[in-house]
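Taking it in order: structure first as structure tokens, then the write-up.
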There are 2 protein chains.
Amino acid sequence: MGTTQLETVPEPKYWHLRTVLSEALDSEFSVGEVLPNERDLAARFGVARATLRQALEQLELEGRLQRRRGVGTTVAPPRVGVAVGDRPHAWPGAAGDVWEPLDSELAPPPATVAEALGTDREQPVHTVRRSRVTHGRPVASELLYVPSPAVPALSAIDTPAGAPRARAVLRALHHLELERQESAVELGSAGADEARELDRLPGAPVLVVTTRWSTGKRTAALSVATYRADTCRLTFGDSGDVEIHDTPEPRAS
Amino acid sequence: MGTTQLETVPEPKYWHLRTVLSEALDSEFSVGEVLPNERDLAARFGVARATLRQALEQLELEGRLQRRRGVGTTVAPPRVGVAVGDRPHAWPGAAGDVWEPLDSELAPPPATVAEALGTDREQPVHTVRRSRVTHGRPVASELLYVPSPAVPALSAIDTPAGAPRARAVLRALHHLELERQESAVELGSAGADEARELDRLPGAPVLVVTTRWSTGKRTAALSVATYRADTCRLTFGDSGDVEIHDTPEPRAS
DNA sequence: CAGTGGTCTAGACCACGCA
DNA sequence: GCGTGGTCTAGACCACTGC
């Protein structure tokens with residue numbers, strides 16, 4: 001600081017700031033601690049607030065910071081490892097599920113989903129909304145699409161709307177022999193609705209996990225789950241959701 | 001005020017813009033087409049350039065756009081599905097590998113890597129740099145860490161530096177019985193070096209895939225691969241890297 | 001060289017959380 | 001009501017690409 005020696009290298013200011021702040025976070029701050037506000041920080045580093053914010057944005061993207069309007073910027077805990085994959089308990093309908101069913105409706109799905117399911121454009125599907133919570137924080141929001149032919153027993157909807165109906169669909173799924181599974185992960189941004197559910201702003205970066213289950217050749221279910229990219233590390237394979245980061249929120253207050 | 005009907009809903013301008021542009025992309029543009037420049041677009045929508053840029057940033061994050069300094073903004077092709085996971089040909093050292101070895105050196109690794117490997121802080125490891133190319137475009141850059149005890153035959157480095165030495169390490173790995181594999185995916189941002197290799201700017205969003213291979217209880221290799229988040233969809237499980245998006249770059253020119 | 005996107009500034013006002 | 005982060009503006013200059 002003071003006599004910055006980077007005049008010769010046209011490294012962007014915000015990038016340099018990111019590095020400086022990142023090192024400061026490592027050495028001088030602890031999880032949960034609140035940083036000075038953006039105006040003060042910008043003044044301290046002699047940059048415009050926009051520039052300072054660009055650096056903070058990077059750090060938030062990397063899961064190092066957490067910013068909340070009206071509150072402040074705090075040092076984020078290490079990312080939570082969430083199991084996504086072969087683990088049975090991640091399967092829809094399994095006992096000890098990590099997902100909480102919210103509601104379900106039977107209607108024609110979006111075009112892209114119909115295509116992925118291989119069903120007709122007008123074929124109604126059960127759409128189950130579920131929410132995943134870890135450490136008391138919402139980490140993911142899911143839409144689970146189940147073509148009604150896959151669960152014929154449900155054709156007569158005699159369960160009350162809301163969570164009970166969602167659970168009924170999951171139970172029906174559980175009775176099937178779900179076979180193989182394939183998934184894909186890509187970066188997306190939270191829509192207004194998802195953002196609300198994940199306690200983020202619209203456009204927040206999310207990891208979109210698309211998974212397909214099938215019984216034989218039939219696609220029995222398609223799940224589109226959006227995870228908070230800032231707080232989650234998706235794990236595949238053995239080590240599952242073992243919470244290595246046992247940081248039980250020491251509640252720095 | 002004008003008769004815009006969104007006065008009641010304080011939806012951010014950039015978000016609204018993103019939606020409008022997104023729909024325009026769907027209906028009025030085709031892959032590879034170049035958009036008007038940012039100043040014109042901003043003027044056309046009656047917003048500041050910064051606001052317009054915020055919308056473009058979103059769309060780029062979602063893989064809809066591609067921006068290049070000095071060139072312009074173009075409509076991006078659909079994301080490329082890259083197989084990450086159980087497929088043998090993704091294993092280090094396997095034949096028909098999708099990775100291209102660049103070079104290798106033997107040195108103590110970063111602290112975090114040593115910890116993940118479970119090796120001593122000073123224990124030297126082979127660090128192999130590899131690059132993954134799909135459709136002629138670089139999509140990922142990898143650092144593969146192999147503790148030297150895992151490949152004792154290599155202790156005498158009699159291969160020339162660069163790609164040959166990297167290949168030697170991979171060959172040695174190939175002779176081992178690599179057993180189980182676990183991986184994690186998280187969002188990161190490209191460092192200056194990775195950015196260069198991926199043909200992006202520093203701070204570009206990347207998907208970081210950390211994978212561990214072991215022989216018995218020993219960790220034989222640790223891979224940290226960073227994929228371009230804007231252009232890649234990581235696939236796990238069956239459907240592998242089948243290129244559904246066969247778009248062979250019709251070269252819109 | 002002209003034109004593009006990338007960086008940066010110095011302001012203003014808004015939406016939200018909390019006391 | 002006050003302090004926070006979030007949005008937005010209108011400008012300037014820089015770095016890069018390609019002609």
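Just so we're on the same page: first chain in the structure tokens is A, next is B, and so on; residues restart at 1 for each chain, and ligands are numbered from 1 in the order they show up.
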* Asked: Counting only C-alpha atoms (C1' of nucleotides), which residues of chain D come no farther than 12 Å from chain A, as a ChimeraX atom specification?
  -> /D:2-8,14-15
* Please report as a count of residues only which residues of chain A come no farther than 9 Å from chain C, using only C-alpha atoms (C1' of nucleotides). => 11
Overlay target chain B, mobile chain A, all C-alpha paired in order, as a PDB file with C-alpha atoms, in the first residue's frame:
ATOM      1  CA  MET A   1     -40.609  -0.770 -25.702  1.00  0.00           C
ATOM      2  CA  GLY A   2     -41.630   2.815 -25.862  1.00  0.00           C
ATOM      3  CA  THR A   3     -44.092   3.013 -23.016  1.00  0.00           C
ATOM      4  CA  THR A   4     -42.464   0.704 -20.534  1.00  0.00           C
ATOM      5  CA  GLN A   5     -45.124  -0.510 -18.150  1.00  0.00           C
ATOM      6  CA  LEU A   6     -42.853  -1.378 -15.314  1.00  0.00           C
ATOM      7  CA  GLU A   7     -42.978   1.919 -13.461  1.00  0.00           C
ATOM      8  CA  THR A   8     -44.979   0.315 -10.690  1.00  0.00           C
ATOM      9  CA  VAL A   9     -42.634  -2.586 -10.128  1.00  0.00           C
ATOM     10  CA  PRO A  10     -39.185  -1.443  -9.072  1.00  0.00           C
ATOM     11  CA  GLU A  11     -37.528  -4.158 -11.092  1.00  0.00           C
ATOM     12  CA  PRO A  12     -33.951  -3.107 -11.756  1.00  0.00           C
ATOM     13  CA  LYS A  13     -33.453  -1.680 -15.209  1.00  0.00           C
ATOM     14  CA  TYR A  14     -30.573  -3.985 -15.993  1.00  0.00           C
ATOM     15  CA  TRP A  15     -32.680  -6.994 -15.140  1.00  0.00           C
ATOM     16  CA  HIS A  16     -35.492  -5.889 -17.343  1.00  0.00           C
ATOM     17  CA  LEU A  17     -33.004  -5.187 -20.088  1.00  0.00           C
ATOM     18  CA  ARG A  18     -31.577  -8.654 -19.691  1.00  0.00           C
ATOM     19  CA  THR A  19     -35.018 -10.113 -20.250  1.00  0.00           C
ATOM     20  CA  VAL A  20     -35.740  -7.960 -23.266  1.00  0.00           C
ATOM     21  CA  LEU A  21     -32.398  -8.733 -24.827  1.00  0.00           C
ATOM     22  CA  SER A  22     -32.728 -12.397 -24.040  1.00  0.00           C
ATOM     23  CA  GLU A  23     -36.016 -12.573 -25.899  1.00  0.00           C
ATOM     24  CA  ALA A  24     -34.570 -10.616 -28.765  1.00  0.00           C
ATOM     25  CA  LEU A  25     -31.723 -13.112 -28.948  1.00  0.00           C
ATOM     26  CA  ASP A  26     -34.202 -15.963 -29.151  1.00  0.00           C
ATOM     27  CA  SER A  27     -36.297 -14.452 -31.881  1.00  0.00           C
ATOM     28  CA  GLU A  28     -34.226 -12.076 -33.918  1.00  0.00           C
ATOM     29  CA  PHE A  29     -30.656 -13.263 -33.835  1.00  0.00           C
ATOM     30  CA  SER A  30     -28.793 -16.356 -34.852  1.00  0.00           C
ATOM     31  CA  VAL A  31     -25.623 -17.881 -33.484  1.00  0.00           C
ATOM     32  CA  GLY A  32     -22.508 -15.971 -34.366  1.00  0.00           C
ATOM     33  CA  GLU A  33     -24.312 -12.799 -35.294  1.00  0.00           C
ATOM     34  CA  VAL A  34     -22.784  -9.619 -33.930  1.00  0.00           C
ATOM     35  CA  LEU A  35     -24.854  -7.213 -31.892  1.00  0.00           C
ATOM     36  CA  PRO A  36     -24.707  -3.430 -32.235  1.00  0.00           C
ATOM     37  CA  ASN A  37     -21.983  -1.930 -30.106  1.00  0.00           C
ATOM     38  CA  GLU A  38     -22.593  -1.042 -26.478  1.00  0.00           C
ATOM     39  CA  ARG A  39     -22.865   2.698 -26.988  1.00  0.00           C
ATOM     40  CA  ASP A  40     -25.509   2.319 -29.641  1.00  0.00           C
ATOM     41  CA  LEU A  41     -27.434  -0.259 -27.661  1.00  0.00           C
ATOM     42  CA  ALA A  42     -27.365   1.894 -24.549  1.00  0.00           C
ATOM     43  CA  ALA A  43     -28.646   4.865 -26.520  1.00  0.00           C
ATOM     44  CA  ARG A  44     -31.340   2.782 -28.146  1.00  0.00           C
ATOM     45  CA  PHE A  45     -32.651   1.637 -24.778  1.00  0.00           C
ATOM     46  CA  GLY A  46     -32.168   5.012 -23.170  1.00  0.00           C
ATOM     47  CA  VAL A  47     -29.840   3.853 -20.428  1.00  0.00           C
ATOM     48  CA  ALA A  48     -26.255   4.527 -19.444  1.00  0.00           C
ATOM     49  CA  ARG A  49     -23.666   2.263 -20.898  1.00  0.00           C
ATOM     50  CA  ALA A  50     -22.842   0.874 -17.461  1.00  0.00           C
ATOM     51  CA  THR A  51     -26.417  -0.303 -17.087  1.00  0.00           C
ATOM     52  CA  LEU A  52     -26.466  -1.855 -20.509  1.00  0.00           C
ATOM     53  CA  ARG A  53     -23.209  -3.577 -19.703  1.00  0.00           C
ATOM     54  CA  GLN A  54     -24.675  -5.026 -16.524  1.00  0.00           C
ATOM     55  CA  ALA A  55     -27.347  -6.697 -18.618  1.00  0.00           C
ATOM     56  CA  LEU A  56     -24.800  -7.978 -21.129  1.00  0.00           C
ATOM     57  CA  GLU A  57     -22.703  -9.343 -18.302  1.00  0.00           C
ATOM     58  CA  GLN A  58     -25.632 -11.415 -17.098  1.00  0.00           C
ATOM     59  CA  LEU A  59     -26.243 -12.795 -20.547  1.00  0.00           C
ATOM     60  CA  GLU A  60     -22.586 -13.613 -20.985  1.00  0.00           C
ATOM     61  CA  LEU A  61     -22.610 -15.402 -17.625  1.00  0.00           C
ATOM     62  CA  GLU A  62     -25.524 -17.450 -18.863  1.00  0.00           C
ATOM     63  CA  GLY A  63     -23.628 -18.388 -21.972  1.00  0.00           C
ATOM     64  CA  ARG A  64     -25.894 -16.470 -24.297  1.00  0.00           C
ATOM     65  CA  LEU A  65     -23.377 -13.888 -25.420  1.00  0.00           C
ATOM     66  CA  GLN A  66     -19.704 -13.701 -26.112  1.00  0.00           C
ATOM     67  CA  ARG A  67     -17.862 -10.424 -25.863  1.00  0.00           C
ATOM     68  CA  ARG A  68     -14.393  -9.723 -27.104  1.00  0.00           C
ATOM     69  CA  ARG A  69     -12.462  -6.539 -26.722  1.00  0.00           C
ATOM     70  CA  GLY A  70     -11.660  -4.900 -29.976  1.00  0.00           C
ATOM     71  CA  VAL A  71     -14.124  -7.099 -31.800  1.00  0.00           C
ATOM     72  CA  GLY A  72     -17.651  -6.891 -30.498  1.00  0.00           C
ATOM     73  CA  THR A  73     -20.469  -8.816 -28.905  1.00  0.00           C
ATOM     74  CA  THR A  74     -21.694 -11.928 -30.642  1.00  0.00           C
ATOM     75  CA  VAL A  75     -24.419 -14.450 -30.017  1.00  0.00           C
ATOM     76  CA  ALA A  76     -22.852 -17.488 -28.388  1.00  0.00           C
ATOM     77  CA  PRO A  77     -23.514 -21.052 -29.535  1.00  0.00           C
ATOM     78  CA  PRO A  78     -25.214 -23.395 -27.054  1.00  0.00           C
ATOM     79  CA  ARG A  79     -22.948 -24.615 -24.335  1.00  0.00           C
ATOM     80  CA  VAL A  80     -20.698 -27.534 -25.086  1.00  0.00           C
ATOM     81  CA  GLY A  81     -21.272 -30.651 -23.029  1.00  0.00           C
ATOM     82  CA  VAL A  82     -17.981 -31.905 -21.684  1.00  0.00           C
ATOM     83  CA  ALA A  83     -17.740 -35.246 -19.945  1.00  0.00           C
ATOM     84  CA  VAL A  84     -16.326 -35.064 -16.472  1.00  0.00           C
ATOM     85  CA  GLY A  85     -16.434 -38.217 -14.517  1.00  0.00           C
ATOM     86  CA  ASP A  86     -16.499 -41.934 -14.771  1.00  0.00           C
ATOM     87  CA  ARG A  87     -15.552 -42.190 -18.382  1.00  0.00           C
ATOM     88  CA  PRO A  88     -12.249 -43.993 -18.647  1.00  0.00           C
ATOM     89  CA  HIS A  89     -11.035 -41.767 -21.410  1.00  0.00           C
ATOM     90  CA  ALA A  90     -11.146 -38.888 -18.998  1.00  0.00           C
ATOM     91  CA  TRP A  91      -8.666 -40.625 -16.746  1.00  0.00           C
ATOM     92  CA  PRO A  92      -5.156 -39.402 -16.685  1.00  0.00           C
ATOM     93  CA  GLY A  93      -2.954 -41.430 -18.929  1.00  0.00           C
ATOM     94  CA  ALA A  94      -5.721 -43.229 -20.764  1.00  0.00           C
ATOM     95  CA  ALA A  95      -5.517 -43.591 -24.495  1.00  0.00           C
ATOM     96  CA  GLY A  96      -7.824 -41.440 -26.540  1.00  0.00           C
ATOM     97  CA  ASP A  97      -7.454 -38.820 -23.901  1.00  0.00           C
ATOM     98  CA  VAL A  98      -9.192 -35.541 -24.432  1.00  0.00           C
ATOM     99  CA  TRP A  99      -6.399 -33.700 -22.698  1.00  0.00           C
ATOM    100  CA  GLU A 100      -3.247 -32.389 -24.230  1.00  0.00           C
ATOM    101  CA  PRO A 101      -0.217 -32.515 -21.941  1.00  0.00           C
ATOM    102  CA  LEU A 102       1.823 -29.340 -21.902  1.00  0.00           C
ATOM    103  CA  ASP A 103       4.617 -29.748 -19.411  1.00  0.00           C
ATOM    104  CA  SER A 104       5.508 -31.037 -15.999  1.00  0.00           C
ATOM    105  CA  GLU A 105       7.755 -30.166 -13.128  1.00  0.00           C
ATOM    106  CA  LEU A 106       8.736 -31.774  -9.868  1.00  0.00           C
ATOM    107  CA  ALA A 107       8.432 -29.456  -6.893  1.00  0.00           C
ATOM    108  CA  PRO A 108       6.661 -28.971  -3.582  1.00  0.00           C
ATOM    109  CA  PRO A 109       3.033 -28.108  -4.254  1.00  0.00           C
ATOM    110  CA  PRO A 110       0.938 -25.286  -2.849  1.00  0.00           C
ATOM    111  CA  ALA A 111      -0.027 -25.811   0.781  1.00  0.00           C
ATOM    112  CA  THR A 112      -3.664 -26.536   0.009  1.00  0.00           C
ATOM    113  CA  VAL A 113      -2.674 -29.250  -2.455  1.00  0.00           C
ATOM    114  CA  ALA A 114      -0.249 -30.876  -0.050  1.00  0.00           C
ATOM    115  CA  GLU A 115      -3.026 -30.977   2.485  1.00  0.00           C
ATOM    116  CA  ALA A 116      -5.487 -32.516   0.058  1.00  0.00           C
ATOM    117  CA  LEU A 117      -2.923 -35.091  -1.017  1.00  0.00           C
ATOM    118  CA  GLY A 118      -2.129 -35.910   2.569  1.00  0.00           C
ATOM    119  CA  THR A 119       1.556 -35.539   1.870  1.00  0.00           C
ATOM    120  CA  ASP A 120       4.189 -33.655   3.693  1.00  0.00           C
ATOM    121  CA  ARG A 121       4.528 -29.959   3.182  1.00  0.00           C
ATOM    122  CA  GLU A 122       7.907 -30.366   1.491  1.00  0.00           C
ATOM    123  CA  GLN A 123       7.196 -33.588  -0.342  1.00  0.00           C
ATOM    124  CA  PRO A 124       7.797 -32.845  -3.996  1.00  0.00           C
ATOM    125  CA  VAL A 125       5.047 -33.769  -6.428  1.00  0.00           C
ATOM    126  CA  HIS A 126       4.897 -33.944 -10.178  1.00  0.00           C
ATOM    127  CA  THR A 127       2.788 -31.105 -11.444  1.00  0.00           C
ATOM    128  CA  VAL A 128       1.479 -31.759 -14.917  1.00  0.00           C
ATOM    129  CA  ARG A 129      -0.175 -29.005 -16.858  1.00  0.00           C
ATOM    130  CA  ARG A 130      -2.731 -30.105 -19.390  1.00  0.00           C
ATOM    131  CA  SER A 131      -5.116 -28.357 -21.664  1.00  0.00           C
ATOM    132  CA  ARG A 132      -8.458 -29.523 -22.954  1.00  0.00           C
ATOM    133  CA  VAL A 133      -9.747 -28.520 -26.324  1.00  0.00           C
ATOM    134  CA  THR A 134     -13.168 -29.085 -27.826  1.00  0.00           C
ATOM    135  CA  HIS A 135     -14.357 -27.938 -31.192  1.00  0.00           C
ATOM    136  CA  GLY A 136     -11.024 -26.253 -31.635  1.00  0.00           C
ATOM    137  CA  ARG A 137     -11.618 -24.037 -28.628  1.00  0.00           C
ATOM    138  CA  PRO A 138      -9.768 -24.295 -25.333  1.00  0.00           C
ATOM    139  CA  VAL A 139     -12.311 -25.158 -22.667  1.00  0.00           C
ATOM    140  CA  ALA A 140     -10.269 -26.178 -19.690  1.00  0.00           C
ATOM    141  CA  SER A 141      -6.877 -25.965 -18.101  1.00  0.00           C
ATOM    142  CA  GLU A 142      -5.740 -28.509 -15.558  1.00  0.00           C
ATOM    143  CA  LEU A 143      -3.088 -28.968 -12.956  1.00  0.00           C
ATOM    144  CA  LEU A 144      -2.538 -32.627 -12.150  1.00  0.00           C
ATOM    145  CA  TYR A 145      -0.598 -33.346  -8.992  1.00  0.00           C
ATOM    146  CA  VAL A 146       1.095 -36.714  -8.645  1.00  0.00           C
ATOM    147  CA  PRO A 147       3.126 -37.412  -5.500  1.00  0.00           C
ATOM    148  CA  SER A 148       6.464 -38.777  -6.559  1.00  0.00           C
ATOM    149  CA  PRO A 149       6.195 -41.876  -4.314  1.00  0.00           C
ATOM    150  CA  ALA A 150       3.206 -42.950  -6.375  1.00  0.00           C
ATOM    151  CA  VAL A 151       5.373 -43.188  -9.474  1.00  0.00           C
ATOM    152  CA  PRO A 152       8.808 -44.185  -8.175  1.00  0.00           C
ATOM    153  CA  ALA A 153      10.001 -45.205 -11.606  1.00  0.00           C
ATOM    154  CA  LEU A 154      10.077 -41.566 -12.494  1.00  0.00           C
ATOM    155  CA  SER A 155      12.435 -40.496  -9.752  1.00  0.00           C
ATOM    156  CA  ALA A 156      15.236 -40.190 -12.239  1.00  0.00           C
ATOM    157  CA  ILE A 157      14.050 -37.566 -14.607  1.00  0.00           C
ATOM    158  CA  ASP A 158      15.613 -38.545 -17.845  1.00  0.00           C
ATOM    159  CA  THR A 159      12.976 -37.173 -20.104  1.00  0.00           C
ATOM    160  CA  PRO A 160      13.275 -33.779 -21.672  1.00  0.00           C
ATOM    161  CA  ALA A 161      11.195 -31.046 -20.133  1.00  0.00           C
ATOM    162  CA  GLY A 162       7.929 -29.971 -21.683  1.00  0.00           C
ATOM    163  CA  ALA A 163       5.307 -32.200 -23.200  1.00  0.00           C
ATOM    164  CA  PRO A 164       7.469 -35.351 -23.272  1.00  0.00           C
ATOM    165  CA  ARG A 165       8.053 -35.223 -19.526  1.00  0.00           C
ATOM    166  CA  ALA A 166       4.371 -34.618 -18.942  1.00  0.00           C
ATOM    167  CA  ARG A 167       3.576 -37.635 -21.056  1.00  0.00           C
ATOM    168  CA  ALA A 168       6.036 -39.724 -19.090  1.00  0.00           C
ATOM    169  CA  VAL A 169       4.222 -38.942 -15.854  1.00  0.00           C
ATOM    170  CA  LEU A 170       0.894 -39.785 -17.436  1.00  0.00           C
ATOM    171  CA  ARG A 171       2.258 -43.073 -18.754  1.00  0.00           C
ATOM    172  CA  ALA A 172       3.474 -43.977 -15.299  1.00  0.00           C
ATOM    173  CA  LEU A 173       0.042 -43.158 -13.906  1.00  0.00           C
ATOM    174  CA  HIS A 174      -1.563 -45.300 -16.544  1.00  0.00           C
ATOM    175  CA  HIS A 175       0.334 -48.310 -15.282  1.00  0.00           C
ATOM    176  CA  LEU A 176      -1.145 -47.929 -11.842  1.00  0.00           C
ATOM    177  CA  GLU A 177      -4.491 -49.325 -10.881  1.00  0.00           C
ATOM    178  CA  LEU A 178      -6.351 -46.168 -10.240  1.00  0.00           C
ATOM    179  CA  GLU A 179      -9.318 -47.028  -8.176  1.00  0.00           C
ATOM    180  CA  ARG A 180     -11.948 -44.777  -7.077  1.00  0.00           C
ATOM    181  CA  GLN A 181     -12.686 -41.272  -7.927  1.00  0.00           C
ATOM    182  CA  GLU A 182     -14.489 -38.474  -6.303  1.00  0.00           C
ATOM    183  CA  SER A 183     -14.909 -34.991  -7.542  1.00  0.00           C
ATOM    184  CA  ALA A 184     -16.305 -31.662  -6.572  1.00  0.00           C
ATOM    185  CA  VAL A 185     -17.477 -28.751  -8.636  1.00  0.00           C
ATOM    186  CA  GLU A 186     -17.476 -25.161  -7.535  1.00  0.00           C
ATOM    187  CA  LEU A 187     -17.507 -21.720  -8.986  1.00  0.00           C
ATOM    188  CA  GLY A 188     -14.280 -19.795  -9.179  1.00  0.00           C
ATOM    189  CA  SER A 189     -12.689 -17.030 -11.107  1.00  0.00           C
ATOM    190  CA  ALA A 190      -9.831 -17.402 -13.522  1.00  0.00           C
ATOM    191  CA  GLY A 191      -6.461 -16.199 -12.378  1.00  0.00           C
ATOM    192  CA  ALA A 192      -4.326 -14.154 -14.732  1.00  0.00           C
ATOM    193  CA  ASP A 193      -2.550 -17.271 -16.002  1.00  0.00           C
ATOM    194  CA  GLU A 194      -5.606 -19.441 -16.476  1.00  0.00           C
ATOM    195  CA  ALA A 195      -7.423 -16.562 -18.082  1.00  0.00           C
ATOM    196  CA  ARG A 196      -4.737 -16.304 -20.719  1.00  0.00           C
ATOM    197  CA  GLU A 197      -4.886 -19.996 -21.442  1.00  0.00           C
ATOM    198  CA  LEU A 198      -8.659 -20.011 -21.711  1.00  0.00           C
ATOM    199  CA  ASP A 199      -8.678 -16.909 -23.872  1.00  0.00           C
ATOM    200  CA  ARG A 200     -10.572 -14.917 -21.274  1.00  0.00           C
ATOM    201  CA  LEU A 201      -9.979 -11.938 -19.034  1.00  0.00           C
ATOM    202  CA  PRO A 202      -8.794 -12.273 -15.460  1.00  0.00           C
ATOM    203  CA  GLY A 203     -11.699 -12.877 -13.136  1.00  0.00           C
ATOM    204  CA  ALA A 204     -13.743 -14.694 -15.745  1.00  0.00           C
ATOM    205  CA  PRO A 205     -16.083 -17.210 -14.130  1.00  0.00           C
ATOM    206  CA  VAL A 206     -14.863 -20.789 -14.223  1.00  0.00           C
ATOM    207  CA  LEU A 207     -16.079 -24.117 -12.953  1.00  0.00           C
ATOM    208  CA  VAL A 208     -13.382 -25.695 -10.856  1.00  0.00           C
ATOM    209  CA  VAL A 209     -13.471 -29.470 -10.841  1.00  0.00           C
ATOM    210  CA  THR A 210     -11.366 -31.139  -8.201  1.00  0.00           C
ATOM    211  CA  THR A 211     -10.902 -34.867  -8.657  1.00  0.00           C
ATOM    212  CA  ARG A 212      -9.013 -37.408  -6.657  1.00  0.00           C
ATOM    213  CA  TRP A 213      -7.776 -40.781  -7.784  1.00  0.00           C
ATOM    214  CA  SER A 214      -6.342 -43.372  -5.497  1.00  0.00           C
ATOM    215  CA  THR A 215      -4.647 -46.732  -5.547  1.00  0.00           C
ATOM    216  CA  GLY A 216      -5.960 -48.507  -2.517  1.00  0.00           C
ATOM    217  CA  LYS A 217      -5.785 -46.044   0.317  1.00  0.00           C
ATOM    218  CA  ARG A 218      -3.121 -43.908  -1.238  1.00  0.00           C
ATOM    219  CA  THR A 219      -4.032 -40.792  -3.129  1.00  0.00           C
ATOM    220  CA  ALA A 220      -2.234 -41.253  -6.399  1.00  0.00           C
ATOM    221  CA  ALA A 221      -3.287 -38.112  -8.170  1.00  0.00           C
ATOM    222  CA  LEU A 222      -5.192 -34.941  -7.618  1.00  0.00           C
ATOM    223  CA  SER A 223      -6.538 -32.948 -10.488  1.00  0.00           C
ATOM    224  CA  VAL A 224      -7.701 -29.361 -10.355  1.00  0.00           C
ATOM    225  CA  ALA A 225      -9.318 -28.477 -13.651  1.00  0.00           C
ATOM    226  CA  THR A 226     -10.818 -25.123 -14.439  1.00  0.00           C
ATOM    227  CA  TYR A 227     -13.465 -25.015 -17.158  1.00  0.00           C
ATOM    228  CA  ARG A 228     -14.814 -21.939 -18.869  1.00  0.00           C
ATOM    229  CA  ALA A 229     -18.144 -21.455 -17.171  1.00  0.00           C
ATOM    230  CA  ASP A 230     -19.601 -19.497 -20.042  1.00  0.00           C
ATOM    231  CA  THR A 231     -19.118 -22.139 -22.701  1.00  0.00           C
ATOM    232  CA  CYS A 232     -19.218 -25.417 -20.808  1.00  0.00           C
ATOM    233  CA  ARG A 233     -21.839 -27.727 -19.428  1.00  0.00           C
ATOM    234  CA  LEU A 234     -20.200 -30.417 -17.341  1.00  0.00           C
ATOM    235  CA  THR A 235     -21.774 -33.823 -17.691  1.00  0.00           C
ATOM    236  CA  PHE A 236     -21.524 -36.663 -15.208  1.00  0.00           C
ATOM    237  CA  GLY A 237     -22.599 -40.220 -15.656  1.00  0.00           C
ATOM    238  CA  ASP A 238     -23.881 -42.000 -18.701  1.00  0.00           C
ATOM    239  CA  SER A 239     -24.513 -39.634 -21.497  1.00  0.00           C
ATOM    240  CA  GLY A 240     -20.932 -38.545 -21.501  1.00  0.00           C
ATOM    241  CA  ASP A 241     -19.610 -36.061 -23.934  1.00  0.00           C
ATOM    242  CA  VAL A 242     -21.990 -36.975 -26.663  1.00  0.00           C
ATOM    243  CA  GLU A 243     -22.156 -33.838 -28.672  1.00  0.00           C
ATOM    244  CA  ILE A 244     -25.841 -33.295 -28.868  1.00  0.00           C
ATOM    245  CA  HIS A 245     -25.162 -29.765 -29.864  1.00  0.00           C
ATOM    246  CA  ASP A 246     -23.824 -30.753 -33.217  1.00  0.00           C
ATOM    247  CA  THR A 247     -23.838 -27.149 -34.333  1.00  0.00           C
ATOM    248  CA  PRO A 248     -20.673 -27.491 -36.368  1.00  0.00           C
ATOM    249  CA  GLU A 249     -20.133 -23.751 -36.358  1.00  0.00           C
ATOM    250  CA  PRO A 250     -21.953 -22.775 -39.544  1.00  0.00           C
ATOM    251  CA  ARG A 251     -19.608 -19.844 -39.602  1.00  0.00           C
ATOM    252  CA  ALA A 252     -22.045 -17.016 -39.852  1.00  0.00           C
ATOM    253  CA  SER A 253     -20.016 -14.603 -41.906  1.00  0.00           C
TER     254      SER A 253
END
* To do: Could you give me, as a list in words, each residue of stretch 155-194 of chain B that DSSP assigns to strand (DSSP E or B) when run on this structure's backbone?
  =>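 Matching residues for strand (DSSP E or B) in stretch 155-194 of chain B are Gln181, Glu182, Ser183, Ala184, Val185, Glu186, Leu187, Gly188 and Ser189 of chain B.
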Those residues you just picked out, can you put them in a file as a JSON list (two decimals), in the first residue's frame with C-alpha atoms?
[["chain", "number", "residue", "atom", "x", "y", "z"],
["B", 181, "GLN", "CA", -12.66, -41.33, -7.87],
["B", 182, "GLU", "CA", -14.50, -38.49, -6.29],
["B", 183, "SER", "CA", -14.93, -35.03, -7.57],
["B", 184, "ALA", "CA", -16.34, -31.70, -6.64],
["B", 185, "VAL", "CA", -17.51, -28.79, -8.73],
["B", 186, "GLU", "CA", -17.52, -25.21, -7.67],
["B", 187, "LEU", "CA", -17.56, -21.76, -9.13],
["B", 188, "GLY", "CA", -14.33, -19.82, -9.33],
["B", 189, "SER", "CA", -12.74, -17.07, -11.27]]
* Could you find all residues in stretch 89-180 of chain B that DSSP calls helix (DSSP H, G or I) from the backbone, and write them as a list in words? =>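 Helix (DSSP H, G or I) members of stretch 89-180 of chain B, listed: His89, Ala90, Ala111, Thr112, Val113, Ala114, Glu115, Ala116, Leu117, Ser148, Pro149, Ala150, Pro152, Ala153, Leu154, Ala163, Pro164, Arg165, Ala166, Arg167, Ala168, Val169, Leu170, Arg171, Ala172, Leu173, His174 and His175 of chain B.
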